[in-house]
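Asks: I'd like to ask some things about the structure below.
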Amino acid sequence: MFDINTAIGHWPFRRLPRRTAGELRQYLQSYGVKGAAVASTPALFYMNCQDANLELAEEIALHRDFFVGVATLNPAYAAAVRDLDVCVEKLGFRALRLSPCYHNYNLADGTADALLTRAGELGISVLLPNEIVNFRQKHWMEPNQPLGMESVLAICARFPQVTFIGTEGGYNLSMTAPPNLCLEMSRYHSCYGQVLADMVRKLGAERILFGSGAPFKEIEPSLLKLHHCQISDAQKELIAGGNARRLLGI
Amino acid sequence: MWCQLPDELAAIDAHNHVRAGADGKLDVGRAEALLQGCSRLGIDRIAVSVPYTDSVVAPERYRVGNEVVWQAMQHSPRFIGFCFVDAHDPTAALAEIEHCIVERKMAGVKLYHQFFVDADEQRPVMEKASSLGVPVLMHAGKCTDPATMAAQPRLSNAGHFRAALEKYPETILIQGHIGGGGDWEWNLRTLEGIDSGNYYIDLSGSVIDAGIVRRSVDTVGCERLLFATDGSLEEGVGKLLAAGLSMREMRLICHDNFARIMARRKVCDV
């Protein structure tokens, strides 16, 4: 089991449990998770995101056998492309996370183009969270609405050489499914209506990834969704970890 | 980790919904999907309603929805009916409550956001529910995003419920979905110290923030919590399992509290 959607660090608007690498690892391992992609929560708020990425690298230094670092960068800030190179080549991070809502730009306005081009050249996947916490409980300093899948689909079309991983929901089965779009599964039903199974049939099992959203969210719902999803065991194995390991190159 | 709630809990989902199909009658396919999904997760019975979100709902509209609930109750004994009314027309609302609760043995009244729960306009409905000994389950939340605030200007939060308990002290109130979106911490802070035997809050909603159920137990006590999903089945079961509760606490939340409410009914048994 590999969790594609975790984070470390303090969240300014609510006290989170398990803010450190050690605490998060222990929690995930208690549910049988063998590894996780982890991003920095403070990187959503630092002006200079790279400092948060450096902090993340320090935090997971003793847990490299478990955590894979995800760089969070603001493409509107200075040196973002160079920072991505450092994250991948020196810090060993294996994916990029963009959060246009928290960094105040639009995926369609070209701000992220250079960074996405570089991500494509480096062969790393790009995580696009639809939201970090449910927007209906937003602090007044947070974005007013989620990212929205329309902008994700549009950026998939503009950067076909990049694999995007949409996390925290937003997709529905009436939408197109560009071949470079993967989806993290924590927000899709699999008991009341087999939405998750239908997504597997539409996108293919190799494009759905297990994620929990820890430490923001409880992990149990995601585990239940995968357990009760009416697909083959081989497909479940891909979702549970095979796909993440393939995309992260581990 | 459990993959479902233990059968011995005989879990009751206190807040869920059925829908009408294109023909205006119960969407049997969706109802069956709900029953099957609940079976997978160990949920025995499901309290359902058909609420309307408009600011004013004509009686002839909500009668159609309540007819769908009645069809669900006939489709499966696992469905427990709640009747929706809008207090804008109190005469019609009271007649519908009488019809649904007394004649059709529905278990409670469902309100949405046509008025705040503590509004003067709710008095006839509250007093009718009290006279019948049935609960009033109300859509609720403390949403902070502009879109929801604009769309639901009369969305009741915990403060409104505390006021309603003072105003309608004989009525059993169920605050809907602590995890239905909105600032659940604000709601819990507002509920600190609550001691009314007529107050309950259900745990439903898609929000599965770490610690939400544990914090709810610690704030209002497991005697005032009702297991529910509001359609988010894995979320509802998962966050309950995550809370690390004792079997006694689980039994109260999943079954006994709801059963205790049902036992207060003053007319024919459900």
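Just remember, in the structure tokens the first chain shown is A, the second B, etc., residues are 1-based per chain, and ligands are 1-based in the order shown.
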Identify all chain B residues at most 10 Å from chain A by counting only C-alpha atoms; ligands do not count. Present them as a compact mmCIF listing (two decimals) with C-alpha atoms, in the first residue's frame.
Replies:
# COMPACT_ATOMS: atom_id res chain seq x y z
CA MET B 1 -9.29 -2.49 10.80
CA TRP B 2 -12.92 -3.45 10.44
CA CYS B 3 -14.32 -3.37 6.90
CA GLN B 4 -17.82 -2.70 8.17
CA GLY B 29 -32.55 1.54 -8.53
CA ARG B 30 -31.01 4.18 -6.30
CA ALA B 31 -32.93 2.92 -3.30
CA GLU B 32 -31.60 -0.58 -3.92
CA ALA B 33 -28.07 0.78 -4.38
CA LEU B 34 -28.38 2.53 -1.03
CA LEU B 35 -29.62 -0.64 0.67
CA GLN B 36 -26.81 -2.69 -0.84
CA GLY B 37 -24.17 -0.11 0.06
CA CYS B 38 -25.44 -0.01 3.62
CA SER B 39 -25.36 -3.80 3.79
CA ARG B 40 -21.71 -3.82 2.72
CA LEU B 41 -20.85 -1.48 5.57
CA GLY B 141 -23.95 23.93 9.30
CA LYS B 142 -21.62 26.85 9.90
CA CYS B 143 -20.45 27.44 6.36
CA THR B 144 -17.91 30.17 5.81
CA ASP B 145 -17.53 30.26 2.04
CA PRO B 146 -19.33 33.05 0.18
CA ALA B 147 -21.23 30.78 -2.20
CA THR B 148 -22.87 28.68 0.49
CA MET B 149 -23.52 31.69 2.70
CA GLY B 180 -21.75 18.29 6.30
CA GLY B 181 -19.49 21.16 5.48
CA GLY B 182 -18.71 24.26 7.44
CA ASP B 183 -16.76 25.05 10.56
CA TRP B 184 -17.51 22.03 12.72
CA GLU B 185 -15.10 23.23 15.38
CA TRP B 186 -17.19 26.40 15.76
CA SER B 206 -18.54 14.04 3.58
CA VAL B 207 -16.09 15.86 5.86
CA ILE B 208 -13.73 13.34 7.47
CA ASP B 209 -11.33 15.70 9.17
CA ALA B 210 -9.01 13.93 11.56
CA GLY B 211 -10.54 13.82 15.01
CA ILE B 212 -14.00 15.09 14.12
CA GLY B 231 -25.12 9.54 1.47
CA SER B 232 -21.40 9.52 2.32
CA LEU B 233 -21.34 5.92 3.43
CA GLU B 234 -17.64 5.10 3.60
CA GLU B 235 -16.96 8.49 5.14
CA GLY B 236 -19.59 7.97 7.82
CA VAL B 237 -18.43 4.51 8.78
CA GLY B 238 -14.74 5.29 8.35
CA LYS B 239 -14.61 8.33 10.58
CA LEU B 240 -16.59 6.51 13.25
CA LEU B 241 -14.18 3.58 13.18
CA ALA B 242 -11.27 6.03 13.31
CA ALA B 243 -12.43 7.50 16.60
Asks: Run DSSP on the backbone and grab whatever in region 98-183 of chain B lands in alpha helix (DSSP H); send it over as a PDB file with C-alpha atoms, in the first residue's frame.
Replies:
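Listed below is the output, part14.pdb:
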ATOM      1  CA  ARG B 123     -43.481  27.107  16.461  1.00  0.00           C
ATOM      2  CA  PRO B 124     -46.481  25.169  15.022  1.00  0.00           C
ATOM      3  CA  VAL B 125     -44.189  22.487  13.596  1.00  0.00           C
ATOM      4  CA  MET B 126     -42.126  22.243  16.774  1.00  0.00           C
ATOM      5  CA  GLU B 127     -45.181  21.964  18.978  1.00  0.00           C
ATOM      6  CA  LYS B 128     -46.772  19.392  16.694  1.00  0.00           C
ATOM      7  CA  ALA B 129     -43.615  17.261  16.729  1.00  0.00           C
ATOM      8  CA  SER B 130     -43.503  17.572  20.488  1.00  0.00           C
ATOM      9  CA  SER B 131     -47.128  16.519  20.848  1.00  0.00           C
ATOM     10  CA  LEU B 132     -46.438  13.423  18.772  1.00  0.00           C
ATOM     11  CA  PRO B 146     -19.326  33.048   0.177  1.00  0.00           C
ATOM     12  CA  ALA B 147     -21.227  30.782  -2.201  1.00  0.00           C
ATOM     13  CA  THR B 148     -22.873  28.681   0.485  1.00  0.00           C
ATOM     14  CA  MET B 149     -23.521  31.687   2.699  1.00  0.00           C
ATOM     15  CA  ALA B 150     -25.309  33.384  -0.181  1.00  0.00           C
ATOM     16  CA  ALA B 151     -27.224  30.281  -1.183  1.00  0.00           C
ATOM     17  CA  ALA B 158     -25.306  25.257  16.791  1.00  0.00           C
ATOM     18  CA  GLY B 159     -26.161  28.679  18.163  1.00  0.00           C
ATOM     19  CA  HIS B 160     -29.586  28.512  16.580  1.00  0.00           C
ATOM     20  CA  PHE B 161     -30.104  25.054  18.039  1.00  0.00           C
ATOM     21  CA  ARG B 162     -29.219  26.227  21.536  1.00  0.00           C
ATOM     22  CA  ALA B 163     -31.747  29.030  21.132  1.00  0.00           C
ATOM     23  CA  ALA B 164     -34.357  26.614  19.803  1.00  0.00           C
ATOM     24  CA  LEU B 165     -33.904  24.345  22.822  1.00  0.00           C
ATOM     25  CA  GLU B 166     -34.811  27.306  25.022  1.00  0.00           C
ATOM     26  CA  LYS B 167     -37.689  28.365  22.841  1.00  0.00           C
TER      27      LYS B 167
END
Asks: For Phe79 (chain B), which residue among B:Leu26, B:Ala47, B:Val56, B:Ala95 is the nearest when counting only C-alpha atoms?
Replies: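 The closest residue to Phe79 (chain B) is B:Ala47.
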Asks: Just list the residues in region 48-126 of chain A DSSP gives strand (DSSP E or B) on the backbone, as an NGL selection string.
Replies: :A and (67-72 or 95-97 or 125-126)
Asks: Pick the closest to Phe67 (chain A) from A:Met175, A:Ala234, A:Ala37, A:Met47: which is it, counting only C-alpha atoms?
Replies: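 Among A:Met175, A:Ala234, A:Ala37, A:Met47, it is A:Ala37 that comes nearest to Phe67 (chain A).
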Asks: Which residue out of B:Met250, B:Ala92, B:Met106, B:Val85 has the minimum interatomic distance to Val69 (chain B) when only C-alpha atoms are used?
Replies: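 Ranked by minimum distance to Val69 (chain B), first place goes to B:Met106.
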Asks: How many Å lie between CA of Glu131 (chain A) and CA of Leu196 (chain A), rounded to one decimal?
Replies: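 Here the two named atoms are 19.1 Å from each other.
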Asks: If you count only C-alpha atoms, which residues fall within 10 Å of Arg64 (chain A), apart from same-chain ones fewer than 5 positions away, as a ChimeraX atom specification?
Replies: /A:35,57,59,69,92
Asks: Please provide as a ChimeraX atom specification all residues within 12 Å of Met73 (chain B), with the sequence filter that same-chain residues fewer than 6 positions apart are discarded (counting only C-alpha atoms).
Replies: /B:17-18,26,28,31,35,45-49,66-67,79-83,100,104-107,270
Asks: Can those selected residues be exported to a file as a CSV table (one decimal), in the first residue's frame so that it contains N, CA, C and O atoms?
Replies:
chain,number,residue,atom,x,y,z
B,17,HIS,N,-31.2,9.9,2.4
B,17,HIS,CA,-32.2,10.4,1.5
B,17,HIS,C,-32.5,9.4,0.4
B,17,HIS,O,-31.7,8.6,0.0
B,18,VAL,N,-33.8,9.4,0.0
B,18,VAL,CA,-34.1,8.7,-1.3
B,18,VAL,C,-34.6,9.7,-2.3
B,18,VAL,O,-34.8,10.9,-1.9
B,26,LEU,N,-40.6,6.7,-6.5
B,26,LEU,CA,-39.3,6.3,-5.9
B,26,LEU,C,-38.4,5.7,-7.0
B,26,LEU,O,-38.7,4.9,-7.8
B,28,VAL,N,-36.2,3.3,-7.7
B,28,VAL,CA,-36.0,2.0,-7.0
B,28,VAL,C,-34.5,1.6,-7.2
B,28,VAL,O,-33.9,1.0,-6.3
B,31,ALA,N,-32.6,3.4,-4.6
B,31,ALA,CA,-32.9,2.9,-3.3
B,31,ALA,C,-32.3,1.6,-3.0
B,31,ALA,O,-31.7,1.3,-2.0
B,35,LEU,N,-29.5,0.5,-0.2
B,35,LEU,CA,-29.6,-0.6,0.7
B,35,LEU,C,-28.4,-1.5,0.6
B,35,LEU,O,-27.9,-2.0,1.6
B,45,ARG,N,-30.5,-0.2,9.3
B,45,ARG,CA,-31.7,0.5,8.9
B,45,ARG,C,-31.2,2.0,8.5
B,45,ARG,O,-30.2,2.5,9.0
B,46,ILE,N,-32.1,2.6,7.7
B,46,ILE,CA,-31.7,3.9,7.2
B,46,ILE,C,-32.9,4.9,7.2
B,46,ILE,O,-34.0,4.6,6.7
B,47,ALA,N,-32.7,6.0,7.9
B,47,ALA,CA,-33.7,7.0,8.0
B,47,ALA,C,-33.6,7.9,6.8
B,47,ALA,O,-32.6,8.5,6.6
B,48,VAL,N,-34.7,8.0,6.1
B,48,VAL,CA,-34.6,8.8,4.8
B,48,VAL,C,-35.7,9.8,4.7
B,48,VAL,O,-36.8,9.7,5.3
B,49,SER,N,-35.4,10.8,3.9
B,49,SER,CA,-36.4,11.9,3.6
B,49,SER,C,-36.1,12.4,2.2
B,49,SER,O,-35.1,12.1,1.6
B,66,ASN,N,-42.8,13.3,0.1
B,66,ASN,CA,-43.1,12.5,1.2
B,66,ASN,C,-43.8,11.2,0.7
B,66,ASN,O,-43.7,10.1,1.3
B,67,GLU,N,-44.4,11.3,-0.4
B,67,GLU,CA,-45.0,10.1,-1.0
B,67,GLU,C,-43.9,9.1,-1.5
B,67,GLU,O,-44.0,7.9,-1.3
B,79,PHE,N,-36.0,0.9,5.6
B,79,PHE,CA,-36.2,2.4,5.5
B,79,PHE,C,-37.1,2.9,6.6
B,79,PHE,O,-38.2,2.4,6.7
B,80,ILE,N,-36.6,3.9,7.2
B,80,ILE,CA,-37.4,4.6,8.3
B,80,ILE,C,-37.7,6.0,7.7
B,80,ILE,O,-36.8,6.7,7.2
B,81,GLY,N,-39.0,6.4,7.6
B,81,GLY,CA,-39.4,7.6,7.0
B,81,GLY,C,-39.3,8.8,7.8
B,81,GLY,O,-39.7,8.8,9.0
B,82,PHE,N,-38.8,9.9,7.3
B,82,PHE,CA,-39.0,11.3,7.9
B,82,PHE,C,-39.7,12.1,6.9
B,82,PHE,O,-39.4,12.1,5.7
B,83,CYS,N,-40.7,12.9,7.4
B,83,CYS,CA,-41.5,13.7,6.5
B,83,CYS,C,-41.0,15.2,6.4
B,83,CYS,O,-40.7,15.7,7.5
B,100,CYS,N,-48.3,11.9,7.8
B,100,CYS,CA,-47.1,11.1,7.6
B,100,CYS,C,-46.8,10.3,8.9
B,100,CYS,O,-46.4,9.2,8.9
B,104,ARG,N,-49.0,7.1,8.4
B,104,ARG,CA,-48.0,6.3,7.7
B,104,ARG,C,-46.8,5.9,8.5
B,104,ARG,O,-45.8,5.4,8.0
B,105,LYS,N,-46.9,6.2,9.8
B,105,LYS,CA,-45.9,5.8,10.8
B,105,LYS,C,-44.4,6.2,10.4
B,105,LYS,O,-43.5,5.5,10.7
B,106,MET,N,-44.3,7.4,9.9
B,106,MET,CA,-43.0,7.9,9.7
B,106,MET,C,-42.5,8.3,11.1
B,106,MET,O,-43.2,8.5,12.1
B,107,ALA,N,-41.1,8.4,11.2
B,107,ALA,CA,-40.5,8.5,12.5
B,107,ALA,C,-40.2,9.9,13.0
B,107,ALA,O,-39.9,10.1,14.2
B,270,VAL,N,-43.6,2.7,15.4
B,270,VAL,CA,-43.0,2.7,14.0
B,270,VAL,C,-42.7,1.2,13.7
B,270,VAL,O,-42.2,0.5,14.5
Asks: So how far away is CA of Lys25 (chain B) from CA of Gln74 (chain B), in Å?
Replies: 12.4 Å
Asks: Any idea what's packed within 12 Å of Asn180 (chain A), counting only C-alpha atoms, ignoring anything in its chain fewer than 2 positions away? Could you give it as a PDB file with N, CA, C and O atoms, in the first residue's frame?
Replies:
ATOM      1  N   GLY A 120       7.870  18.292 -17.256  1.00  0.00           N
ATOM      2  CA  GLY A 120       7.815  17.332 -18.348  1.00  0.00           C
ATOM      3  C   GLY A 120       9.208  16.862 -18.750  1.00  0.00           C
ATOM      4  O   GLY A 120       9.430  15.668 -18.993  1.00  0.00           O
ATOM      5  N   SER A 125       5.672  13.635 -12.247  1.00  0.00           N
ATOM      6  CA  SER A 125       4.233  13.887 -12.238  1.00  0.00           C
ATOM      7  C   SER A 125       3.924  15.160 -11.448  1.00  0.00           C
ATOM      8  O   SER A 125       4.707  15.586 -10.591  1.00  0.00           O
ATOM      9  N   VAL A 126       2.756  15.720 -11.740  1.00  0.00           N
ATOM     10  CA  VAL A 126       2.342  16.960 -11.083  1.00  0.00           C
ATOM     11  C   VAL A 126       1.023  16.717 -10.346  1.00  0.00           C
ATOM     12  O   VAL A 126       0.016  16.365 -10.966  1.00  0.00           O
ATOM     13  N   LEU A 127       1.043  16.911  -9.038  1.00  0.00           N
ATOM     14  CA  LEU A 127      -0.175  16.768  -8.238  1.00  0.00           C
ATOM     15  C   LEU A 127      -0.941  18.094  -8.229  1.00  0.00           C
ATOM     16  O   LEU A 127      -0.347  19.157  -8.016  1.00  0.00           O
ATOM     17  N   VAL A 152      -8.106  21.671 -14.545  1.00  0.00           N
ATOM     18  CA  VAL A 152      -7.189  20.518 -14.598  1.00  0.00           C
ATOM     19  C   VAL A 152      -7.257  19.864 -15.979  1.00  0.00           C
ATOM     20  O   VAL A 152      -6.220  19.539 -16.581  1.00  0.00           O
ATOM     21  N   LEU A 153      -8.452  19.684 -16.490  1.00  0.00           N
ATOM     22  CA  LEU A 153      -8.600  19.082 -17.817  1.00  0.00           C
ATOM     23  C   LEU A 153      -7.955  19.960 -18.883  1.00  0.00           C
ATOM     24  O   LEU A 153      -7.324  19.464 -19.827  1.00  0.00           O
ATOM     25  N   ALA A 154      -8.087  21.265 -18.723  1.00  0.00           N
ATOM     26  CA  ALA A 154      -7.492  22.181 -19.708  1.00  0.00           C
ATOM     27  C   ALA A 154      -5.967  22.113 -19.688  1.00  0.00           C
ATOM     28  O   ALA A 154      -5.318  22.119 -20.743  1.00  0.00           O
ATOM     29  N   ILE A 155      -5.388  22.033 -18.502  1.00  0.00           N
ATOM     30  CA  ILE A 155      -3.923  21.989 -18.432  1.00  0.00           C
ATOM     31  C   ILE A 155      -3.416  20.622 -18.924  1.00  0.00           C
ATOM     32  O   ILE A 155      -2.317  20.524 -19.486  1.00  0.00           O
ATOM     33  N   CYS A 156      -4.213  19.586 -18.730  1.00  0.00           N
ATOM     34  CA  CYS A 156      -3.844  18.273 -19.289  1.00  0.00           C
ATOM     35  C   CYS A 156      -3.736  18.361 -20.809  1.00  0.00           C
ATOM     36  O   CYS A 156      -2.825  17.781 -21.417  1.00  0.00           O
ATOM     37  N   ALA A 157      -4.657  19.085 -21.414  1.00  0.00           N
ATOM     38  CA  ALA A 157      -4.639  19.211 -22.876  1.00  0.00           C
ATOM     39  C   ALA A 157      -3.456  20.044 -23.344  1.00  0.00           C
ATOM     40  O   ALA A 157      -2.862  19.762 -24.386  1.00  0.00           O
ATOM     41  N   ARG A 158      -3.088  21.059 -22.580  1.00  0.00           N
ATOM     42  CA  ARG A 158      -1.986  21.945 -22.985  1.00  0.00           C
ATOM     43  C   ARG A 158      -0.624  21.306 -22.744  1.00  0.00           C
ATOM     44  O   ARG A 158       0.359  21.680 -23.388  1.00  0.00           O
ATOM     45  N   PHE A 159      -0.534  20.388 -21.808  1.00  0.00           N
ATOM     46  CA  PHE A 159       0.750  19.756 -21.496  1.00  0.00           C
ATOM     47  C   PHE A 159       0.611  18.230 -21.571  1.00  0.00           C
ATOM     48  O   PHE A 159       0.677  17.541 -20.549  1.00  0.00           O
ATOM     49  N   PRO A 160       0.421  17.715 -22.757  1.00  0.00           N
ATOM     50  CA  PRO A 160       0.198  16.264 -22.878  1.00  0.00           C
ATOM     51  C   PRO A 160       1.412  15.431 -22.469  1.00  0.00           C
ATOM     52  O   PRO A 160       1.270  14.232 -22.211  1.00  0.00           O
ATOM     53  N   GLN A 161       2.579  16.060 -22.410  1.00  0.00           N
ATOM     54  CA  GLN A 161       3.787  15.313 -22.020  1.00  0.00           C
ATOM     55  C   GLN A 161       3.918  15.162 -20.508  1.00  0.00           C
ATOM     56  O   GLN A 161       4.821  14.468 -20.032  1.00  0.00           O
ATOM     57  N   VAL A 162       3.050  15.826 -19.762  1.00  0.00           N
ATOM     58  CA  VAL A 162       3.113  15.789 -18.297  1.00  0.00           C
ATOM     59  C   VAL A 162       1.974  14.915 -17.764  1.00  0.00           C
ATOM     60  O   VAL A 162       0.836  15.014 -18.234  1.00  0.00           O
ATOM     61  N   THR A 163       2.284  14.082 -16.780  1.00  0.00           N
ATOM     62  CA  THR A 163       1.229  13.321 -16.099  1.00  0.00           C
ATOM     63  C   THR A 163       0.745  14.120 -14.893  1.00  0.00           C
ATOM     64  O   THR A 163       1.539  14.509 -14.034  1.00  0.00           O
ATOM     65  N   PHE A 164      -0.546  14.381 -14.865  1.00  0.00           N
ATOM     66  CA  PHE A 164      -1.145  15.118 -13.751  1.00  0.00           C
ATOM     67  C   PHE A 164      -1.921  14.147 -12.855  1.00  0.00           C
ATOM     68  O   PHE A 164      -2.579  13.227 -13.350  1.00  0.00           O
ATOM     69  N   ILE A 165      -1.837  14.391 -11.563  1.00  0.00           N
ATOM     70  CA  ILE A 165      -2.586  13.586 -10.594  1.00  0.00           C
ATOM     71  C   ILE A 165      -3.540  14.521  -9.852  1.00  0.00           C
ATOM     72  O   ILE A 165      -3.098  15.365  -9.057  1.00  0.00           O
ATOM     73  N   GLY A 166      -4.811  14.396 -10.146  1.00  0.00           N
ATOM     74  CA  GLY A 166      -5.810  15.208  -9.447  1.00  0.00           C
ATOM     75  C   GLY A 166      -6.116  14.591  -8.098  1.00  0.00           C
ATOM     76  O   GLY A 166      -6.485  13.419  -8.010  1.00  0.00           O
ATOM     77  N   THR A 176     -14.458  14.469 -19.623  1.00  0.00           N
ATOM     78  CA  THR A 176     -13.494  13.776 -20.470  1.00  0.00           C
ATOM     79  C   THR A 176     -12.389  13.202 -19.594  1.00  0.00           C
ATOM     80  O   THR A 176     -12.214  13.615 -18.447  1.00  0.00           O
ATOM     81  N   ALA A 177     -11.645  12.277 -20.168  1.00  0.00           N
ATOM     82  CA  ALA A 177     -10.575  11.629 -19.397  1.00  0.00           C
ATOM     83  C   ALA A 177      -9.293  11.642 -20.230  1.00  0.00           C
ATOM     84  O   ALA A 177      -8.939  10.634 -20.837  1.00  0.00           O
ATOM     85  N   PRO A 178      -8.610  12.775 -20.287  1.00  0.00           N
ATOM     86  CA  PRO A 178      -7.375  12.822 -21.078  1.00  0.00           C
ATOM     87  C   PRO A 178      -6.369  11.780 -20.596  1.00  0.00           C
ATOM     88  O   PRO A 178      -6.330  11.472 -19.394  1.00  0.00           O
ATOM     89  N   CYS A 182      -4.396  11.310 -14.051  1.00  0.00           N
ATOM     90  CA  CYS A 182      -4.617  10.268 -13.051  1.00  0.00           C
ATOM     91  C   CYS A 182      -5.402  10.894 -11.898  1.00  0.00           C
ATOM     92  O   CYS A 182      -5.397  12.114 -11.726  1.00  0.00           O
ATOM     93  N   LEU A 183      -6.046  10.060 -11.114  1.00  0.00           N
ATOM     94  CA  LEU A 183      -6.869  10.578 -10.021  1.00  0.00           C
ATOM     95  C   LEU A 183      -6.589   9.837  -8.730  1.00  0.00           C
ATOM     96  O   LEU A 183      -6.515   8.604  -8.714  1.00  0.00           O
ATOM     97  N   LEU A 203     -11.248   5.193 -16.879  1.00  0.00           N
ATOM     98  CA  LEU A 203      -9.879   5.674 -17.021  1.00  0.00           C
ATOM     99  C   LEU A 203      -8.858   4.546 -17.100  1.00  0.00           C
ATOM    100  O   LEU A 203      -7.755   4.734 -17.611  1.00  0.00           O
ATOM    101  N   GLY A 204      -9.223   3.382 -16.569  1.00  0.00           N
ATOM    102  CA  GLY A 204      -8.270   2.288 -16.445  1.00  0.00           C
ATOM    103  C   GLY A 204      -7.698   2.277 -15.041  1.00  0.00           C
ATOM    104  O   GLY A 204      -7.430   3.337 -14.457  1.00  0.00           O
ATOM    105  N   GLU A 206      -4.865   1.646 -14.018  1.00  0.00           N
ATOM    106  CA  GLU A 206      -3.505   2.187 -13.902  1.00  0.00           C
ATOM    107  C   GLU A 206      -3.479   3.698 -13.709  1.00  0.00           C
ATOM    108  O   GLU A 206      -2.415   4.287 -13.505  1.00  0.00           O
ATOM    109  N   ARG A 207      -4.655   4.315 -13.737  1.00  0.00           N
ATOM    110  CA  ARG A 207      -4.694   5.780 -13.573  1.00  0.00           C
ATOM    111  C   ARG A 207      -5.432   6.214 -12.306  1.00  0.00           C
ATOM    112  O   ARG A 207      -5.762   7.386 -12.150  1.00  0.00           O
ATOM    113  N   ILE A 208      -5.703   5.292 -11.422  1.00  0.00           N
ATOM    114  CA  ILE A 208      -6.326   5.619 -10.138  1.00  0.00           C
ATOM    115  C   ILE A 208      -5.329   5.271  -9.029  1.00  0.00           C
ATOM    116  O   ILE A 208      -4.719   4.204  -9.053  1.00  0.00           O
ATOM    117  N   LEU A 247       4.632   5.823 -11.237  1.00  0.00           N
ATOM    118  CA  LEU A 247       4.678   7.252 -11.574  1.00  0.00           C
ATOM    119  C   LEU A 247       5.819   7.970 -10.862  1.00  0.00           C
ATOM    120  O   LEU A 247       6.376   8.930 -11.390  1.00  0.00           O
TER     121      LEU A 247
END
Asks: Need the shell around Leu54 (chain A): protein/DNA/RNA residues with any atom at most 10 Å away, counting only C-alpha atoms. Skip same-chain ones fewer than 3 positions apart. Format as a PyMOL selection string?
Replies: chain A and resi 40+43+49-51+57-59+71+86-87+91
Asks: What gap, in Å, lies between CA of Gly22 (chain A) and CA of Asp3 (chain A)?
Replies: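 Going from CA of Gly22 (chain A) over to CA of Asp3 (chain A), I get 15.4 Å.
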Asks: Which one is closest to Arg19 (chain B): B:Ala72, B:Asp86, B:Gly42, B:Leu245? Count only C-alpha atoms.
Replies: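 Closest to Arg19 (chain B), using only C-alpha atoms: B:Ala72.
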Asks: Which residues are close to Leu115 (chain A), i.e. within 12 Å by only C-alpha atoms, leaving aside same-chain residues fewer than 5 positions away? Reply as a PDB file with C-alpha atoms, in the first residue's frame.
Replies:
ATOM      1  CA  ALA A  71       8.008  19.668  -4.165  1.00  0.00           C
ATOM      2  CA  THR A  72       5.435  22.399  -3.672  1.00  0.00           C
ATOM      3  CA  LEU A  73       6.302  25.464  -5.712  1.00  0.00           C
ATOM      4  CA  ASN A  74       4.726  28.765  -6.644  1.00  0.00           C
ATOM      5  CA  PRO A  75       5.470  29.327 -10.325  1.00  0.00           C
ATOM      6  CA  ALA A  76       4.839  33.057  -9.900  1.00  0.00           C
ATOM      7  CA  TYR A  77       7.718  33.366  -7.453  1.00  0.00           C
ATOM      8  CA  ALA A  78      11.368  33.919  -8.303  1.00  0.00           C
ATOM      9  CA  ALA A  79      13.513  30.953  -9.313  1.00  0.00           C
ATOM     10  CA  ALA A  80      10.703  28.398  -9.281  1.00  0.00           C
ATOM     11  CA  VAL A  81      12.169  26.428 -12.193  1.00  0.00           C
ATOM     12  CA  ARG A  82      15.606  26.356 -10.616  1.00  0.00           C
ATOM     13  CA  ASP A  83      14.017  25.331  -7.324  1.00  0.00           C
ATOM     14  CA  LEU A  84      12.352  22.395  -9.038  1.00  0.00           C
ATOM     15  CA  ASP A  85      15.704  21.264 -10.369  1.00  0.00           C
ATOM     16  CA  LEU A  96       5.684  18.484  -8.092  1.00  0.00           C
ATOM     17  CA  ARG A  97       2.577  19.874  -6.405  1.00  0.00           C
ATOM     18  CA  LEU A  98       0.907  23.043  -7.631  1.00  0.00           C
ATOM     19  CA  LEU A 107      -3.520  27.494 -14.413  1.00  0.00           C
ATOM     20  CA  GLY A 110       0.485  30.874 -18.424  1.00  0.00           C
ATOM     21  CA  GLY A 120       7.815  17.332 -18.348  1.00  0.00           C
ATOM     22  CA  GLU A 121      11.524  17.434 -19.167  1.00  0.00           C
ATOM     23  CA  LEU A 122      12.329  15.910 -15.774  1.00  0.00           C
ATOM     24  CA  ILE A 124       7.951  13.897 -12.956  1.00  0.00           C
ATOM     25  CA  SER A 125       4.233  13.887 -12.238  1.00  0.00           C
ATOM     26  CA  VAL A 126       2.342  16.960 -11.083  1.00  0.00           C
ATOM     27  CA  PHE A 159       0.750  19.756 -21.496  1.00  0.00           C
ATOM     28  CA  VAL A 162       3.113  15.789 -18.297  1.00  0.00           C
TER      29      VAL A 162
END
